[in-house]
Amino acid sequence: MIGSMSTWKTVTASEVKPGDRVRRGEMELLVSRIEPSFMQMPGMIAFIEDTPTRWMKLPTPANAEIEVLAEG
């Protein structure tokens with residue numbers, strides 16, 4: 001679409017779903033899957049990027065604020 005813009009919006013980490021692009025601080029990743037109860041801690045989740053170019057895991061509290069890229 002011509003003139004479309006993407007913006008970052010703040011959501012609770014528990015609202016993120018696979019396929020979302022998220023960032024926290026300087027770290028940005030494309031969520032391939034979400035690991036619930038990270039390290040067997042019910043209040044923690046981990047976002048995992050698993051792509052041909054990179055594997056990354058971002059643990060975060062489920063109730064933390066995180067930025068999600070919203071297509072405009």
# chains A, B, ... in the order shown; residues from 1 in each chain; ligands from 1
>>> residues_around(residues="Pro18 of chain A", least_positions_apart="3", cutoff="10 Å", atoms="only C-alpha atoms", output="VMD selection string")
chain A and resid 21 30 to 34 47 to 49
>>> closest_residue(among="A:Val16, A:Leu69, A:Ala62, A:Val11", to="Pro36 of chain A", atoms="only C-alpha atoms")
A:Ala62
>>> atom_distance(atom1="atom CA of Met44 of chain A", atom2="atom CA of Ile66 of chain A")
13.4 Å
>>> closest_residue(among="A:Ser37, A:Met5, A:Ile45, A:Arg24", to="Pro59 of chain A", atoms="only C-alpha atoms")
A:Ile45
>>> atom_distance(atom1="atom CA of Pro52 of chain A", atom2="atom CA of Glu35 of chain A")
19.4 Å
>>> atom_distance(atom1="atom CA of Glu26 of chain A", atom2="atom CA of Asp50 of chain A")
18.7 Å
>>> select_by_dssp(residues="chain A", states="helix (DSSP H, G or I)", output="number ranges by chain")
A: 13-15, 38-40
>>> closest_residue(among="A:Val22, A:Leu29, A:Val68, A:Ala13", to="Met56 of chain A", atoms="only C-alpha atoms")
A:Leu29
